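Here's the structure we're looking at; comments come further down.
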Amino acid sequence: MAYSDKVIDHYTNPRNVGTLDKSSTTVGTGLVGAPECGDVMRLQIQVDENNIITDAKFKTFGCGSAIASSSLATEWLKGKSVDDAMKIDNMDIVEELALPPVKIHCSVLAEDAIKAAINDYRVKNGMEPIELEKSHH
Amino acid sequence: MNIPIYLDNNATTPMDPRVLEAMLPYFTSKFGNAASRNHPFGWVAEEGVDYAREQVAKLIGASEKEIIFTSGATESDNLAIKGVFEMYKEKGNHIITAVTEHKAVLDACKHVEKLGGRVTYLPVKEDGLVDLAVLEAAMTPETILVSIMYGNNEIGVIQPVREIADIAHKHGALFMTDATQAVGKIPVDVNRDGIDLLALSAHKMYGPKGVGALYVRRKGPRVKVTAQMDGGGHERGMRSGTLNVPGIVGLGKACEIANQEMAQEAIRLSALRDKLEQALSVLEESYVNGNVQHRLPHVANISFKYVEGEGLMMAMKDLAVSSGSACTSASLEPSYVLKSLGLSDDLAHSSIRFGLGRFTTEEEVDYAVEVTKKAVTHLRELSPLWEMFKEGIDLNSIEWAEH
């Protein structure tokens with residue numbers, strides 16, 4: 001399969017690879033996927049007192065599109081408010097990376113990872129987790 | 001050294017220039033239809049086909065009268081399985097095969113099931129070999145055919161074909177083998193091995209694509225198959241259709257070259273494969289899949305735990321290899337062959353097949369080792385699973401969200 005230049009760029013030079021302290025109350029961690037499905041994505045956000053995401057890190061086990069989707073997600077997350085981050089839609093990722101239909105799954109994982117990270121952060125800070133739609137699965 | 005490096009010789013091989021040279025006149029000056037019996041153009045083409053038939057027969061210890069030309073191994077497998085079923089179904093309706101067979105065999109068997117046949121799909125042992133006791137137990141008076149491949153396309157494991165043939169024959173069944181990956185790579189002899197039907201393909205042994213053959217035994221027993229295509233009654237009525245004369249000539253030449261060079265080549269390739277495997281097994285958590293004693297000289301299938309095969313292939317873009325994960329398909333299924341060895345899904349997703357060939361050099365293997373090591377290391381740095389493994393977290397203790 002031919003990948004778009006953007007996928008190859010993110011894959012070759014992944015942005016924001018790494019690990020934040022998941023025990024910190026200012027950090028939210030989302031771990032989605034499963035090893036037996038061939039992809040696991042871990043996305044972390046660091047949130048400041050104004051509800052702004054100041055840092056984001058990822059680690060992904062998966063194909064090139066999965067790595068690119070999570071790398072792109074960390075770029076988009078940085079500087080956004082938590083509320084705006086919640087609005088990131090998987091189809092935005094599909095469009096930005098020109099993912100082929102069989103790889104839409106990777107973008108869904110990235111969206112889920114973002115939402116899981118935000119919910120982890122909310123729960124840690126005494127907020128209700130946001131109900132997630134499962135319709136796109 | 002030319003980059004990218006081709007290490008996917010199980011998928012297909014480049015054509016040997018000597019094969020091309022043999023084929024060329026049959027496209028232009030010797031263009032006749034081999035079935036044209038009444039003029040020299042036809043005779044010349046027929047001569048080419050006859051000579052090729054001898055070359056193919058010689059490679060597998062057969063008589064030229066036992067070679068039926070087809071469009072490739074897929075067609076040969078289909079003709080053998082469906083053809084035997086239709087011919088012998090009055091005698092019995094049971095066929096035995098193995099779960100690690102190529103789709104051409106498995107899907108032909110599924111077709112037979114739709115026609116009222118019964119098929120047993122034998123499991124394999126952890127090393128990929130068929131358990132002879134399990135085969136013996138599966139045999140019934142209704143069994144008409146046992147179809148087990150010679151060498152596996154994904155892991156290279158060589159089945160104990162002679163023993164399998166003996167069991168089949170003891171119970172009055174025919175023995176067929178899909179020998180696509182084995183013929184031309186290791187010595188295959190239909191009489192020594194007790195083979196009644198055998199499928200082979202030209203493009204897996206440095207010949208052209210779109211041509212293959214089916215060996216059908218003529219004596220002890222005389223095997224018959226029902227034709228799957230109706231027409232002019234070519235190939236002793238078993239496979240109608242104007243012969244692909246240049247392709248057949250190429251297949252013949254490929255067989256001749258293999259016959260002359262295979263013994264030396266097998267030594268060279270197994271040394272290269274061993275070198276590759278040893279160099280890569282230095283990496284932590286890497287595993288060679290399949291039996292390492294009984295296997296083809298040119299195939300290495302290695303799992304690199306905690307990295308995903310397709311992602312890995314992308315990092316190895318200078319190498320043309322194949323992955324055990326089918327992430328490119330909508331199904332996201334890992335290889336059924338690897339799974340049948342008892343590999344967990346994640347390990348099956350993490351595997352790479354290296355297929356060496358006639359034109360693979362030691363320099364290329366060394367380069368492949370470097371590229372692979374670098375890619376595995378890079379992707380493990382990106383892998384949350386690798387991080388967890390390094391921290392001593394049991395991945396089975398995590399409740400994964402299924403997708």
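Every chain in the structure tokens has a letter given in the order shown (A, B, ...), and although residue numbers restart at 1 in each chain, ligands are simply numbered from 1 in the order shown.
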I'd like a table as a tab-separated table: residues in chain A with an atom no more than 9 Å from chain B, each row giving the shortest atom pair and its distance in Å to one decimal, only C-alpha atoms counted, sorted by chain and rising residue number.
```
residue	atom	partner	partner_atom	distance
A:Met1	CA	B:Thr328	CA	7.4
A:Ile8	CA	B:Met314	CA	8.7
A:Tyr11	CA	B:Ala315	CA	8.3
A:Thr12	CA	B:Ala315	CA	7.7
A:Pro14	CA	B:Leu382	CA	8.7
A:Val17	CA	B:Leu382	CA	6.6
A:Gly18	CA	B:Leu382	CA	7.6
A:Leu31	CA	B:Trp400	CA	8.3
A:Val32	CA	B:Ala401	CA	5.9
A:Gly33	CA	B:Ala401	CA	5.5
A:Ala34	CA	B:Trp400	CA	5.2
A:Pro35	CA	B:Asp346	CA	5.1
A:Glu36	CA	B:Asp346	CA	4.5
A:Cys37	CA	B:Leu332	CA	6.8
A:Gly38	CA	B:His349	CA	5.8
A:Asp39	CA	B:Glu308	CA	7.5
A:Val40	CA	B:Pro384	CA	7.4
A:Met41	CA	B:Pro384	CA	7.3
A:Arg42	CA	B:Pro384	CA	6.6
A:Phe58	CA	B:Leu382	CA	7.9
A:Lys59	CA	B:Leu382	CA	4.9
A:Thr60	CA	B:Ser383	CA	5.0
A:Phe61	CA	B:Ser383	CA	4.7
A:Gly62	CA	B:Glu308	CA	5.1
A:Cys63	CA	B:Gly311	CA	3.8
A:Gly64	CA	B:Gly311	CA	4.8
A:Ser65	CA	B:Gly311	CA	8.1
A:Ala66	CA	B:Gly311	CA	8.5
A:Ile67	CA	B:Gly311	CA	8.1
A:Pro101	CA	B:Ala330	CA	8.5
A:Val102	CA	B:Ala330	CA	5.2
A:Lys103	CA	B:Thr328	CA	7.8
A:His105	CA	B:His403	CA	8.7
A:Leu109	CA	B:His403	CA	8.4
A:His137	CA	B:His403	CA	7.1
```
Practice task
With a distance cut-off of 7 Å and only C-alpha atoms, select the neighbouring residues of Ile53 (chain A), excluding the residue or stretch itself and same-chain residues fewer than 5 positions from it, and output the selection as a PyMOL selection string.
Solution key: chain A and resi 45-48+77-82
Practice task
Just give me the gap between CA of Phe359 (chain B) and CA of Ala300 (chain B) in Å, one decimal is fine.
Solution key: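 If I compute the distance from CA of Phe359 (chain B) to CA of Ala300 (chain B), I get 16.4 Å.
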Find the residues of region 214-287 of chain B that sit at most 12 Å from region 2-7 of chain B; for each, write down the nearest two atoms and how far apart they are in Å, to one decimal. Count only C-alpha atoms. Sort by chain, then by number going up, and give it as CSV.
```
residue,atom,partner,partner_atom,distance
B:Leu272,CA,B:Leu7,CA,12.0
B:Arg273,CA,B:Leu7,CA,11.1
B:Leu276,CA,B:Leu7,CA,11.6
```
Practice task
Write down as a ChimeraX atom specification the residues of region 175-253 of chain B whose backbone DSSP state falls under strand (DSSP E or B).
Solution key: /B:175-178,183,186,197-201,212-216
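If you measure from each of B:Ser322, B:Asn93, B:Thr180, B:Asn191 to Arg162 (chain B) using only C-alpha atoms, the closest one turns out to be B:Asn191.
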Handout entry: Residue among A:Ser70, A:Ile114, A:Leu99, A:Lys57 lying closest to Lys87 (chain A), counting only C-alpha atoms
Key =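 Of A:Ser70, A:Ile114, A:Leu99, A:Lys57, the one nearest Lys87 (chain A) is A:Ile114, counting only C-alpha atoms.
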Handout entry: Atom-to-atom span, CA of Gly355 (chain B) and CA of Met205 (chain B), Å
Key =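 Distance reported for this atom pair: 12.4 Å.
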Exercise for the section: Show which residues sit within 12 Å of Ala271 (chain B), as a PyMOL selection string. Count only C-alpha atoms, and ignore same-chain residues fewer than 6 positions away. Expected result: chain B and resi 264-265+277-278+296-300+356+360-362+365
Exercise for the section: Would you mind telling me which residue in B:Met388, B:Leu20, B:Val99, B:Leu79 lies nearest to Val112 (chain B) when using only C-alpha atoms? Expected result: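 Ranked by minimum distance to Val112 (chain B), first place goes to B:Leu79.
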Practice task
Could you give me the residues within region 112-356 of chain B that DSSP places in alpha helix (DSSP H), as an MDAnalysis selection string?
Solution key: chainID B and resid 112:114 132:138 161:170 245:280 309:315 336:340 345:349
Exercise for the section: Work out how far CA of Lys103 (chain B) is from CA of Ala320 (chain B), in Å to one decimal. Expected result: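 Computing it gives 22.2 Å between the two atoms.
Every protein or nucleic acid residue with an atom no more than 10 Å from Ala116 (chain A), counting only C-alpha atoms and leaving out same-chain residues fewer than 5 positions away, appears here: Gly28, Thr29, Gly30, Leu31, Val32, Arg42, Leu43, Gln44, Met86, Ala110, Glu111, Tyr121, Arg122, Pro129, Ile130 and Leu132 of chain A.
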Please identify all polymer residues within 12 Å of Asn78 (chain B), counting only C-alpha atoms, omitting same-chain residues fewer than 3 positions from it, and present them as a PDB file with C-alpha atoms, in the first residue's frame.
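The resulting file, out24.pdb, is reproduced below:
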```
ATOM      1  CA  THR B  70      -1.550 -25.420 -16.233  1.00  0.00           C
ATOM      2  CA  SER B  71      -1.580 -21.695 -15.532  1.00  0.00           C
ATOM      3  CA  GLY B  72       0.210 -22.154 -12.212  1.00  0.00           C
ATOM      4  CA  ALA B  73       0.111 -23.933  -8.893  1.00  0.00           C
ATOM      5  CA  THR B  74      -3.285 -22.530  -7.922  1.00  0.00           C
ATOM      6  CA  GLU B  75      -4.848 -24.110 -10.976  1.00  0.00           C
ATOM      7  CA  ILE B  81      -8.450 -31.680  -5.560  1.00  0.00           C
ATOM      8  CA  LYS B  82     -11.680 -31.004  -7.416  1.00  0.00           C
ATOM      9  CA  GLY B  83     -10.676 -33.383 -10.202  1.00  0.00           C
ATOM     10  CA  VAL B  84      -9.935 -36.274  -7.845  1.00  0.00           C
ATOM     11  CA  PHE B  85     -13.100 -35.641  -5.865  1.00  0.00           C
ATOM     12  CA  GLU B  86     -15.284 -35.686  -8.953  1.00  0.00           C
ATOM     13  CA  HIS B 102      -1.981 -22.620   0.939  1.00  0.00           C
ATOM     14  CA  LYS B 103      -5.365 -21.010   0.253  1.00  0.00           C
ATOM     15  CA  ALA B 104      -5.403 -22.650  -3.183  1.00  0.00           C
ATOM     16  CA  VAL B 105      -5.712 -26.006  -1.427  1.00  0.00           C
ATOM     17  CA  LEU B 106      -7.897 -24.872   1.473  1.00  0.00           C
ATOM     18  CA  ASP B 107     -10.361 -23.046  -0.750  1.00  0.00           C
ATOM     19  CA  ALA B 108     -10.512 -25.916  -3.242  1.00  0.00           C
ATOM     20  CA  CYS B 109     -11.331 -28.171  -0.275  1.00  0.00           C
ATOM     21  CA  LYS B 110     -14.072 -25.782   0.818  1.00  0.00           C
ATOM     22  CA  HIS B 111     -15.498 -26.025  -2.681  1.00  0.00           C
ATOM     23  CA  VAL B 112     -15.488 -29.810  -2.392  1.00  0.00           C
ATOM     24  CA  SER B 147      -3.290 -33.403   0.370  1.00  0.00           C
ATOM     25  CA  MET B 176      -1.250 -35.206  -3.354  1.00  0.00           C
ATOM     26  CA  THR B 177       1.281 -32.527  -2.491  1.00  0.00           C
ATOM     27  CA  ASP B 178       1.422 -28.830  -3.245  1.00  0.00           C
ATOM     28  CA  LEU B 197      -0.326 -35.817  -7.680  1.00  0.00           C
ATOM     29  CA  LEU B 198       1.974 -32.816  -7.369  1.00  0.00           C
ATOM     30  CA  ALA B 199       1.485 -29.105  -8.042  1.00  0.00           C
ATOM     31  CA  ALA B 213       2.218 -28.048 -13.955  1.00  0.00           C
ATOM     32  CA  LEU B 214       0.346 -30.857 -12.309  1.00  0.00           C
ATOM     33  CA  VAL B 225      -8.812 -36.448 -12.597  1.00  0.00           C
ATOM     34  CA  THR B 226     -11.999 -34.950 -13.987  1.00  0.00           C
ATOM     35  CA  ALA B 227     -11.196 -31.926 -16.147  1.00  0.00           C
ATOM     36  CA  GLN B 228     -12.258 -28.603 -14.695  1.00  0.00           C
ATOM     37  CA  MET B 229     -12.331 -26.842 -18.017  1.00  0.00           C
ATOM     38  CA  ARG B 239      -6.760 -29.420 -19.095  1.00  0.00           C
TER      39      ARG B 239
END
```
